[in-house]
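Chemist: data-v9.cif is reproduced in full below (mmCIF, C-alpha atoms).
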data_target
loop_
_atom_site.label_atom_id
_atom_site.label_comp_id
_atom_site.auth_asym_id
_atom_site.auth_seq_id
_atom_site.Cartn_x
_atom_site.Cartn_y
_atom_site.Cartn_z
CA MET T 10 127.89 80.73 80.24
CA LEU T 11 128.53 80.70 83.96
CA ARG T 12 129.97 78.04 86.19
CA LEU T 13 127.85 78.66 89.31
CA LEU T 14 128.80 77.65 92.85
CA TYR T 15 125.76 77.94 95.12
CA ILE T 16 126.38 78.08 98.89
CA PRO T 17 122.90 77.63 100.43
CA ASN T 18 121.84 78.15 104.03
CA GLU T 19 120.54 74.71 104.92
CA THR T 20 121.01 72.32 107.83
CA ILE T 21 120.12 69.30 105.68
CA VAL T 22 121.73 68.84 102.28
CA GLY T 23 119.11 69.52 99.62
CA ASP T 24 116.69 71.43 101.85
CA GLN T 25 116.75 74.47 99.55
CA ILE T 26 114.72 72.55 96.99
CA GLY T 27 113.42 75.50 94.97
CA PRO T 28 116.68 77.33 94.17
CA ARG T 29 118.48 74.04 93.52
CA ALA T 30 115.77 72.93 91.08
CA ALA T 31 115.83 76.29 89.30
CA PHE T 32 119.61 76.22 88.87
CA GLU T 33 119.57 72.59 87.75
CA GLU T 34 116.97 73.46 85.10
CA ASN T 35 119.27 76.21 83.83
CA LEU T 36 122.07 73.64 83.67
CA ARG T 37 119.90 71.22 81.66
CA THR T 38 118.83 73.93 79.21
CA GLY T 39 122.40 75.15 78.67
CA ARG T 40 122.05 78.51 80.44
CA LEU T 41 124.73 77.33 82.90
CA GLU T 42 127.95 75.64 81.86
CA ALA T 43 128.28 73.96 85.27
CA PHE T 44 126.58 74.01 88.66
CA ASP T 45 127.53 72.73 92.10
CA THR T 46 126.61 73.38 95.72
CA TYR T 47 128.38 73.55 99.06
CA SER T 48 126.15 73.36 102.16
CA PHE T 49 128.27 75.41 104.52
CA LEU T 50 126.30 74.77 107.72
CA VAL T 51 126.29 71.02 107.12
CA GLU T 52 130.02 71.03 106.38
CA ALA T 53 130.87 73.20 109.40
CA LYS T 54 129.10 70.67 111.63
CA ARG T 55 130.75 67.71 109.91
CA LEU T 56 134.23 69.22 110.15
CA GLY T 57 133.68 70.47 113.70
CA SER T 58 135.05 73.92 113.01
CA TRP T 59 134.01 77.07 111.17
CA GLN T 60 137.60 77.71 110.08
CA ARG T 61 137.98 74.16 108.77
CA MET T 62 134.81 74.70 106.77
CA LEU T 63 136.19 77.91 105.28
CA ASP T 64 139.42 76.16 104.33
CA ASP T 65 137.50 73.25 102.81
CA LEU T 66 135.18 75.60 100.90
CA MET T 67 138.17 77.41 99.40
CA GLN T 68 139.63 74.11 98.21
CA PHE T 69 136.23 73.06 96.86
CA ALA T 70 135.87 76.34 94.96
CA ARG T 71 139.40 76.10 93.56
CA ALA T 72 138.71 72.58 92.26
CA PHE T 73 135.31 73.48 90.78
CA ALA T 74 136.62 76.68 89.19
CA PRO T 75 133.41 78.74 89.32
CA THR T 76 132.93 81.94 87.40
CA ALA T 77 130.13 83.00 89.77
CA ILE T 78 129.47 82.33 93.48
CA LEU T 79 126.26 82.95 95.44
CA TRP T 80 126.39 82.67 99.25
CA GLU T 81 122.95 82.82 100.86
CA MET T 82 122.01 83.95 104.36
CA GLN T 83 125.52 84.00 105.80
CA THR T 84 124.73 85.60 109.15
CA ARG T 85 125.94 82.82 111.48
CA GLN T 86 129.65 83.57 111.93
CA CYS T 87 132.35 85.78 110.47
CA VAL T 88 133.58 85.33 106.92
CA PRO T 89 136.38 87.94 106.67
CA THR T 90 136.56 90.52 103.90
CA THR T 91 139.89 88.97 102.94
CA TYR T 92 138.14 85.62 102.39
CA ALA T 93 135.71 87.18 99.89
CA GLN T 94 138.67 88.82 98.20
CA ALA T 95 140.48 85.48 98.04
CA LEU T 96 137.45 83.89 96.38
CA ARG T 97 137.42 86.67 93.79
CA ALA T 98 141.14 86.12 93.18
CA LEU T 99 140.80 82.40 92.37
CA PRO T 100 142.22 81.44 88.96
CA SER T 101 138.69 81.22 87.55
CA ARG T 102 138.10 84.85 88.65
CA PRO T 103 134.51 84.40 89.83
CA VAL T 104 132.12 87.19 90.65
CA VAL T 105 131.20 86.74 94.31
CA SER T 106 127.73 87.60 95.60
CA GLN T 107 125.73 87.26 98.80
CA ARG T 108 122.00 87.33 99.41
CA THR T 109 119.66 87.61 102.38
CA GLY T 110 115.94 86.92 102.50
CA ASP T 111 115.54 88.67 105.87
CA SER T 112 115.45 92.25 107.03
CA TYR T 113 117.23 93.76 110.03
CA TRP T 114 117.39 96.78 112.30
CA ARG T 115 120.80 97.49 110.77
CA PRO T 116 123.17 95.63 108.41
CA PRO T 117 124.57 92.52 110.16
CA ARG T 118 128.30 92.68 110.74
CA THR T 119 128.73 89.27 109.15
CA MET T 120 127.19 90.46 105.88
CA VAL T 121 129.09 93.74 105.96
CA ARG T 122 132.46 92.02 106.38
CA PHE T 123 131.82 89.69 103.48
CA GLY T 124 130.13 92.37 101.37
CA ARG T 125 133.15 94.67 101.53
CA GLY T 126 135.13 92.11 99.58
CA ALA T 127 132.35 90.72 97.38
CA ASP T 128 131.10 91.98 94.02
CA LEU T 129 127.39 92.06 94.84
CA THR T 130 125.06 92.13 97.85
CA LEU T 131 121.39 91.33 97.20
CA LEU T 132 118.62 92.41 99.58
CA THR T 133 114.89 91.61 99.56
CA GLY T 134 113.93 95.14 100.60
CA THR T 135 115.12 98.58 99.55
CA SER T 136 115.10 100.47 102.87
CA LEU T 137 118.48 99.17 104.03
CA ILE T 138 120.34 99.60 100.74
CA PRO T 139 121.85 102.98 101.80
CA ALA T 140 122.94 101.53 105.17
CA PHE T 141 124.69 98.57 103.52
CA GLN T 142 126.37 100.96 101.08
CA LYS T 143 127.48 103.27 103.88
CA ALA T 144 128.90 100.28 105.77
CA GLY T 145 131.16 99.54 102.81
CA CYS T 146 129.32 96.84 100.86
CA ARG T 147 129.82 97.20 97.13
CA ASN T 148 127.07 97.07 94.51
CA VAL T 149 124.05 96.60 96.79
CA GLN T 150 120.90 95.78 94.82
CA TYR T 151 117.28 94.74 95.33
CA LEU T 152 116.07 91.32 94.21
CA PRO T 153 112.59 90.39 95.47
CA GLU T 154 111.94 87.32 97.60
CA ARG T 155 111.11 84.12 95.74
CA PHE T 156 108.95 81.10 96.54
CA ASP T 157 109.52 77.44 95.97
CA LEU T 158 107.60 76.07 92.98
CA ALA T 159 108.82 72.57 93.81
CA ARG T 160 106.89 72.64 97.11
CA PHE T 161 104.05 75.00 96.26
CA GLY T 162 103.33 74.56 92.56
CA SER T 163 100.26 72.31 92.62
CA HIS T 164 96.84 73.35 91.34
CA TRP T 165 93.68 72.59 93.29
CA THR T 166 89.90 72.56 93.31
CA ARG T 167 88.14 74.64 95.95
CA SER T 168 86.02 72.84 98.52
CA ALA T 169 82.34 73.72 98.38
CA ALA T 170 82.38 74.18 102.16
CA PRO T 171 85.76 75.43 103.46
CA GLU T 172 86.44 74.82 107.14
CA PHE T 173 87.47 78.44 107.85
CA ASP T 174 86.45 81.89 106.69
CA VAL T 175 89.90 83.34 107.48
CA VAL T 176 93.28 81.69 108.03
CA MET T 177 96.40 83.43 109.32
CA ILE T 178 99.78 81.67 109.23
CA ALA T 179 102.28 83.60 111.33
CA ASN T 180 104.75 82.96 114.12
CA TYR T 181 104.47 85.04 117.28
CA TYR T 182 107.77 85.84 119.00
CA ARG T 183 107.82 86.91 122.64
CA GLN T 184 110.60 89.46 122.31
CA TRP T 185 111.82 92.29 124.50
CA TRP T 186 110.17 95.56 123.50
CA PHE T 187 113.41 97.05 122.13
CA ARG T 188 113.98 94.04 119.82
CA ARG T 189 110.41 93.27 118.81
CA PHE T 190 109.77 92.94 115.10
CA PRO T 191 107.48 95.77 113.94
CA GLY T 192 104.79 93.35 112.74
CA GLN T 193 104.49 91.39 115.97
CA GLU T 194 102.07 93.71 117.78
CA LEU T 195 99.80 93.85 114.74
CA ARG T 196 99.82 90.05 114.52
CA ARG T 197 98.75 89.91 118.15
CA SER T 198 95.92 92.42 117.57
CA LEU T 199 94.75 90.61 114.45
CA ALA T 200 94.69 87.23 116.20
CA LYS T 201 92.55 88.62 119.04
CA ALA T 202 90.15 90.57 116.82
CA PHE T 203 89.59 87.84 114.23
CA ALA T 204 89.14 85.13 116.85
CA LYS T 205 86.52 87.30 118.57
CA ARG T 206 84.71 88.10 115.32
CA PHE T 207 84.86 84.72 113.55
CA GLY T 208 85.23 82.26 116.41
CA CYS T 209 85.82 78.70 115.18
CA ARG T 210 85.74 80.00 111.60
CA PHE T 211 89.14 81.64 112.18
CA GLY T 212 92.19 79.40 111.87
CA LEU T 213 95.50 80.53 113.42
CA PHE T 214 98.62 78.53 112.53
CA GLY T 215 102.20 78.97 113.72
CA ARG T 216 104.56 78.98 116.68
CA GLY T 217 104.04 81.01 119.84
CA TRP T 218 100.22 81.00 119.96
CA ASN T 219 99.73 78.15 122.44
CA GLY T 220 96.35 78.48 124.15
CA TRP T 221 95.04 81.26 121.88
CA VAL T 222 91.50 81.02 120.53
CA GLY T 223 91.58 79.62 117.00
CA TRP T 224 95.09 78.19 117.30
CA GLN T 225 95.49 75.10 115.13
CA GLY T 226 99.04 74.26 116.16
CA PHE T 227 102.46 74.43 114.55
CA LEU T 228 102.42 74.14 110.75
CA PRO T 229 105.35 72.50 108.90
CA TYR T 230 106.75 74.82 106.21
CA GLY T 231 105.73 72.63 103.29
CA GLN T 232 102.09 72.33 104.44
CA GLN T 233 101.14 76.00 104.14
CA HIS T 234 98.99 75.52 101.05
CA GLU T 235 97.04 72.75 102.74
CA ALA T 236 96.12 75.10 105.59
CA MET T 237 95.34 78.07 103.32
CA ARG T 238 93.09 75.98 101.09
CA ARG T 239 90.89 75.12 104.05
CA SER T 240 89.78 78.77 104.09
CA ARG T 241 87.92 81.38 102.04
CA LEU T 242 90.51 84.11 102.78
CA VAL T 243 94.18 84.28 103.77
CA LEU T 244 95.24 87.06 106.16
CA GLY T 245 98.90 88.15 106.16
CA VAL T 246 101.32 90.70 107.61
CA ASN T 247 105.09 91.18 107.28
CA ASN T 248 107.37 91.21 110.30
CA TRP T 249 109.11 94.30 108.89
CA ASN T 250 107.80 97.51 107.32
CA ASP T 251 110.73 98.01 104.94
CA ALA T 252 110.06 99.30 101.45
CA CYS T 253 109.37 96.56 98.90
CA TYR T 254 110.08 93.88 101.52
CA PHE T 255 107.96 90.76 101.97
CA SER T 256 108.74 87.24 103.09
CA ASP T 257 108.10 84.25 100.86
CA ARG T 258 104.77 83.74 102.65
CA LEU T 259 103.18 86.45 100.48
CA PRO T 260 103.90 84.77 97.10
CA ILE T 261 103.19 81.38 98.70
CA SER T 262 99.79 82.74 99.78
CA LEU T 263 99.07 84.14 96.34
CA ALA T 264 100.13 80.88 94.66
CA SER T 265 97.68 78.96 96.85
CA GLY T 266 94.80 80.25 94.73
CA VAL T 267 92.98 81.48 97.84
CA PRO T 268 92.06 85.22 98.03
CA VAL T 269 94.63 87.19 100.04
CA LEU T 270 94.16 90.16 102.39
CA TYR T 271 97.59 91.57 103.22
CA LYS T 272 99.02 94.41 105.29
CA HIS T 273 100.03 97.27 103.00
CA PHE T 274 103.75 98.09 102.98
CA PRO T 275 105.81 100.79 101.24
CA GLY T 276 106.24 99.91 97.58
CA ALA T 277 103.53 97.23 97.67
CA ASP T 278 101.52 98.79 94.83
CA GLU T 279 104.51 98.56 92.49
CA LEU T 280 104.57 94.79 92.98
CA PHE T 281 100.98 93.60 93.58
CA GLN T 282 97.88 95.53 92.51
CA GLU T 283 94.95 96.08 94.85
CA GLY T 284 91.78 94.42 93.59
CA LYS T 285 93.62 92.65 90.77
CA HIS T 286 96.00 90.32 92.63
CA LEU T 287 94.99 90.75 96.30
CA TRP T 288 93.55 93.27 98.76
CA TYR T 289 95.37 95.47 101.29
CA TYR T 290 94.53 96.70 104.78
CA HIS T 291 96.30 99.36 106.86
CA ASP T 292 95.59 98.45 110.48
CA MET T 293 93.63 95.95 112.57
CA ARG T 294 90.26 97.72 112.24
CA ASP T 295 90.71 98.10 108.51
CA ALA T 296 91.62 94.39 108.22
CA LEU T 297 88.45 93.34 110.05
CA ALA T 298 86.23 95.65 107.99
CA LYS T 299 87.83 94.58 104.69
CA ALA T 300 87.50 90.90 105.58
CA GLU T 301 83.79 91.25 106.31
CA VAL T 302 83.20 93.11 103.04
CA LEU T 303 85.16 90.56 101.01
CA LEU T 304 83.49 87.54 102.60
CA ALA T 305 80.08 89.04 101.77
CA ARG T 306 80.92 89.05 98.06
CA PRO T 307 80.17 86.13 95.74
CA GLN T 308 82.98 83.59 95.89
CA GLU T 309 83.38 83.76 92.11
CA GLU T 310 84.47 87.42 92.34
CA LEU T 311 87.07 86.61 94.97
CA ASP T 312 88.33 83.62 93.00
CA GLN T 313 88.93 85.75 89.89
CA VAL T 314 91.32 87.99 91.84
CA ALA T 315 92.89 84.96 93.52
CA ALA T 316 93.54 83.37 90.11
CA CYS T 317 95.29 86.54 88.87
CA GLY T 318 97.36 86.65 92.05
CA ALA T 319 98.38 83.02 91.65
CA GLU T 320 99.42 83.58 88.04
CA LEU T 321 101.48 86.63 88.99
CA ALA T 322 103.21 84.72 91.80
CA ARG T 323 104.12 81.79 89.55
CA ASN T 324 105.32 83.99 86.68
CA GLU T 325 107.20 86.72 88.54
CA PHE T 326 108.07 85.52 92.06
CA SER T 327 108.98 81.86 91.70
CA CYS T 328 112.48 80.46 92.15
CA LYS T 329 112.54 79.89 88.38
CA ARG T 330 112.01 83.60 87.64
CA TRP T 331 114.35 84.60 90.49
CA ALA T 332 117.14 82.42 89.05
CA GLU T 333 116.71 84.07 85.64
CA GLN T 334 117.08 87.54 87.18
CA LEU T 335 120.03 86.50 89.33
CA LEU T 336 121.93 84.85 86.49
CA ALA T 337 121.45 87.94 84.32
CA LEU T 338 123.03 90.08 87.07
CA LEU T 339 125.92 87.68 87.54
CA GLU T 340 126.54 87.39 83.79
CA GLU T 341 126.73 91.16 83.46
CA LEU T 342 129.16 91.40 86.38
CA GLN T 343 131.29 88.57 85.00
CA GLN T 344 131.43 90.21 81.60
CA ASN T 345 132.50 93.53 83.13
CA LYS T 346 135.08 91.77 85.29
CA SER T 347 136.59 89.96 82.33
CA LEU T 348 137.17 93.33 80.67
CA GLY T 349 138.96 94.92 83.63
CA PRO T 350 141.36 94.23 86.50
CA ALA T 351 140.30 91.99 89.39
#
Before we go any further, please render this structure as structure tokens.

Modeler:
Amino acid sequence: MLRLLYIPNETIVGDQIGPRAAFEENLRTGRLEAFDTYSFLVEAKRLGSWQRMLDDLMQFARAFAPTAILWEMQTRQCVPTTYAQALRALPSRPVVSQRTGDSYWRPPRTMVRFGRGADLTLLTGTSLIPAFQKAGCRNVQYLPERFDLARFGSHWTRSAAPEFDVVMIANYYRQWWFRRFPGQELRRSLAKAFAKRFGCRFGLFGRGWNGWVGWQGFLPYGQQHEAMRRSRLVLGVNNWNDACYFSDRLPISLASGVPVLYKHFPGADELFQEGKHLWYYHDMRDALAKAEVLLARPQEELDQVAACGAELARNEFSCKRWAEQLLALLEELQQNKSLGPA
């Protein structure tokens, strides 16, 4: 059994509710021998120094004696390769891993530096795996994005008269053309086209849309299901077009129990099946045409697909399932490490 030290990216202690709950359940059931967390951003602010935080984390890890360490979303400041190596060399000889839920134009230097000394780097898309490997990160693997069952696990009963026909939850970033996320222009086109076609029956939620037709304002993260369940159909698009990459909004949307129309991405069909779990579109015109066809169908047909999508999300893309997959990887690495030199 592992002694897991989890280093979450959170500005408030406990904000990463889903992963914490999943790990704590594994502790209760005996899958983990011990579990503890270190909120590095909170501690860096409290200590007033990034270096003081690193020193404090090393002492914390030495005292806890983990056999596995997971550092999430460390893209703020530098954690040297030698620091990752020092963690691996602790008396408890932990396997050291890092994970990101984002995608990038290229591997961030912060992740590369740490990954060169760590045992495992986990990505939520497959397109950048070769680039991370070329940069020197060892053992780069794909582990799909998860969603938080603690926040988004409730069941519901559909309203007989939903407020919207289509809801889109997406932030719009006004970026320079050379740094613009690939999905931003499509989001803009979708917002214009769906507002024109559906008028007040189109609900647009998120940052950056001030003054747009259909805009319903900023939506707190934990209220996404409430907004989705006011609609007959959820419209979604990734910010990135990487293979097998999606943000947690896709499984959150599926888990809502509302039918989902989502932008197709490379590898999508290996994860979610068209017409069984959701529907795909390929561009703005296709999205509009598909939406009109779907909304003309009996609601019962749509709800059958939505129910299958919700079941898939809960069973395969929840934090609970993600923790099971992660711990299996870490256990295998720890077993291999115990048989060979550090």

Chemist: Just to confirm, what's the straight-line distance from atom CA of T:Val175 to atom CA of T:Phe326 in Å (one decimal)?

Modeler: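 Going from atom CA of T:Val175 over to atom CA of T:Phe326, I get 23.9 Å.
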
Chemist: Skipping near chain neighbours, those fewer than 3 positions away, what residues fall within 12 Å of T:Ala277 using all atoms listed in the file, listed as a list in words?

Modeler: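 In the requested format, the answer is Gly134, Thr135, Pro153, Asn247, Asn250, Asp251, Ala252, Cys253, Tyr254, Phe255, Leu259, Tyr271, Lys272, His273, Phe274, Leu280, Phe281, Gln282, Glu283, His286, Leu287, Trp288, Tyr289, Tyr290 and His291 of chain T.
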
Chemist: Okay, now the selection with C-alpha atoms, as an mmCIF file, keeping the file's coordinate frame?

Modeler:
data_model
loop_
_atom_site.group_PDB
_atom_site.id
_atom_site.type_symbol
_atom_site.label_atom_id
_atom_site.label_comp_id
_atom_site.auth_asym_id
_atom_site.auth_seq_id
_atom_site.Cartn_x
_atom_site.Cartn_y
_atom_site.Cartn_z
ATOM 1 C CA GLY T 134 113.930 95.140 100.600
ATOM 2 C CA THR T 135 115.120 98.580 99.550
ATOM 3 C CA PRO T 153 112.590 90.390 95.470
ATOM 4 C CA ASN T 247 105.090 91.180 107.280
ATOM 5 C CA ASN T 250 107.800 97.510 107.320
ATOM 6 C CA ASP T 251 110.730 98.010 104.940
ATOM 7 C CA ALA T 252 110.060 99.300 101.450
ATOM 8 C CA CYS T 253 109.370 96.560 98.900
ATOM 9 C CA TYR T 254 110.080 93.880 101.520
ATOM 10 C CA PHE T 255 107.960 90.760 101.970
ATOM 11 C CA LEU T 259 103.180 86.450 100.480
ATOM 12 C CA TYR T 271 97.590 91.570 103.220
ATOM 13 C CA LYS T 272 99.020 94.410 105.290
ATOM 14 C CA HIS T 273 100.030 97.270 103.000
ATOM 15 C CA PHE T 274 103.750 98.090 102.980
ATOM 16 C CA LEU T 280 104.570 94.790 92.980
ATOM 17 C CA PHE T 281 100.980 93.600 93.580
ATOM 18 C CA GLN T 282 97.880 95.530 92.510
ATOM 19 C CA GLU T 283 94.950 96.080 94.850
ATOM 20 C CA HIS T 286 96.000 90.320 92.630
ATOM 21 C CA LEU T 287 94.990 90.750 96.300
ATOM 22 C CA TRP T 288 93.550 93.270 98.760
ATOM 23 C CA TYR T 289 95.370 95.470 101.290
ATOM 24 C CA TYR T 290 94.530 96.700 104.780
ATOM 25 C CA HIS T 291 96.300 99.360 106.860
#

Chemist: Work out how far apart atom CA of T:Trp165 and atom CA of T:Leu228 are and give it in Å to one decimal.

Modeler: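 These two atoms are separated by 19.6 Å.
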
Chemist: With the file shown as input, list the residues that the PyMOL selection byres ((chain T and resi 332) around 10) selects, as an NGL selection string.

Modeler: :T and (27-32 or 34-35 or 155 or 327-331 or 333-338)

Chemist: Check what the PyMOL selection byres ((chain T and resi 268) around 9) selects in the file above and give those residues as a PyMOL selection string.

Modeler: chain T and resi 241-244+262-263+265-267+269-270+286-288+311-316+318

Chemist: Identify which of the residues T:Val121, T:Leu13, T:Leu41, T:Val22 lies closest to T:Leu79, counting only C-alpha atoms when measuring atom-to-atom distances.

Modeler: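 Nearest candidate to T:Leu79 out of T:Val121, T:Leu13, T:Leu41, T:Val22: T:Leu13.
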
Chemist: Write out as a VMD selection string which residues come within 12 Å of T:Asp111 when counting only C-alpha atoms, dropping same-chain ones fewer than 2 positions away.

Modeler: chain T and resid 81 to 84 108 to 109 113 to 117 120 131 to 135 137 152 to 155 190 247 to 251 254 to 257

Chemist: If you keep C-alpha atoms, can you produce a file of those selected residues as a compact mmCIF listing (two decimals), keeping the file's coordinate frame?

Modeler:
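Dumped everything to result12.txt:
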# COMPACT_ATOMS: atom_id res chain seq x y z
CA GLU T 81 122.95 82.82 100.86
CA MET T 82 122.01 83.95 104.36
CA GLN T 83 125.52 84.00 105.80
CA THR T 84 124.73 85.60 109.15
CA ARG T 108 122.00 87.33 99.41
CA THR T 109 119.66 87.61 102.38
CA TYR T 113 117.23 93.76 110.03
CA TRP T 114 117.39 96.78 112.30
CA ARG T 115 120.80 97.49 110.77
CA PRO T 116 123.17 95.63 108.41
CA PRO T 117 124.57 92.52 110.16
CA MET T 120 127.19 90.46 105.88
CA LEU T 131 121.39 91.33 97.20
CA LEU T 132 118.62 92.41 99.58
CA THR T 133 114.89 91.61 99.56
CA GLY T 134 113.93 95.14 100.60
CA THR T 135 115.12 98.58 99.55
CA LEU T 137 118.48 99.17 104.03
CA LEU T 152 116.07 91.32 94.21
CA PRO T 153 112.59 90.39 95.47
CA GLU T 154 111.94 87.32 97.60
CA ARG T 155 111.11 84.12 95.74
CA PHE T 190 109.77 92.94 115.10
CA ASN T 247 105.09 91.18 107.28
CA ASN T 248 107.37 91.21 110.30
CA TRP T 249 109.11 94.30 108.89
CA ASN T 250 107.80 97.51 107.32
CA ASP T 251 110.73 98.01 104.94
CA TYR T 254 110.08 93.88 101.52
CA PHE T 255 107.96 90.76 101.97
CA SER T 256 108.74 87.24 103.09
CA ASP T 257 108.10 84.25 100.86

Chemist: Quick one, how far is atom CA of T:Leu14 from atom CA of T:Arg102?

Modeler: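 It comes out at 12.5 Å.
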
Chemist: Just so the selection is clear, what residues does the PyMOL selection byres ((chain T and resi 56-63) around 12) cover here, as number ranges by chain?

Modeler: T: 16, 47-55, 64-70, 85-89, 91-93, 95-96

Chemist: T:Arg197: which residues within 12 Å, counting only C-alpha atoms, same-chain residues fewer than 4 positions away excluded, as a ChimeraX atom specification?

Modeler: /T:177,179-183,190-193,201-204,213,217-218,221-222,246,248,292-293

Chemist: Select all residues near (95.5, 74.3, 114.9) (cut-off 12 Å, inclusive, file coordinates), counting all atoms listed in the file, and output them as a PyMOL selection string.

Modeler: chain T and resi 172-173+176-178+209-229+236+239

Chemist: Which one is closest to T:Asp174: T:Glu301, T:Asp295, T:Asp157, T:Glu340? Count all atoms listed in the file.

Modeler: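 Nearest to T:Asp174: T:Glu301.
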
Chemist: Mind working out the centre and edge lengths of an axis-aligned box for stretch 329-347 of chain T, all listed atoms inside, 4 Å added to each side, rounded to one decimal in Å and written as AutoDock Vina command-line options?

Modeler:
--center_x 124.3 --center_y 86.7 --center_z 86.0 --size_x 32.6 --size_y 21.6 --size_z 16.9
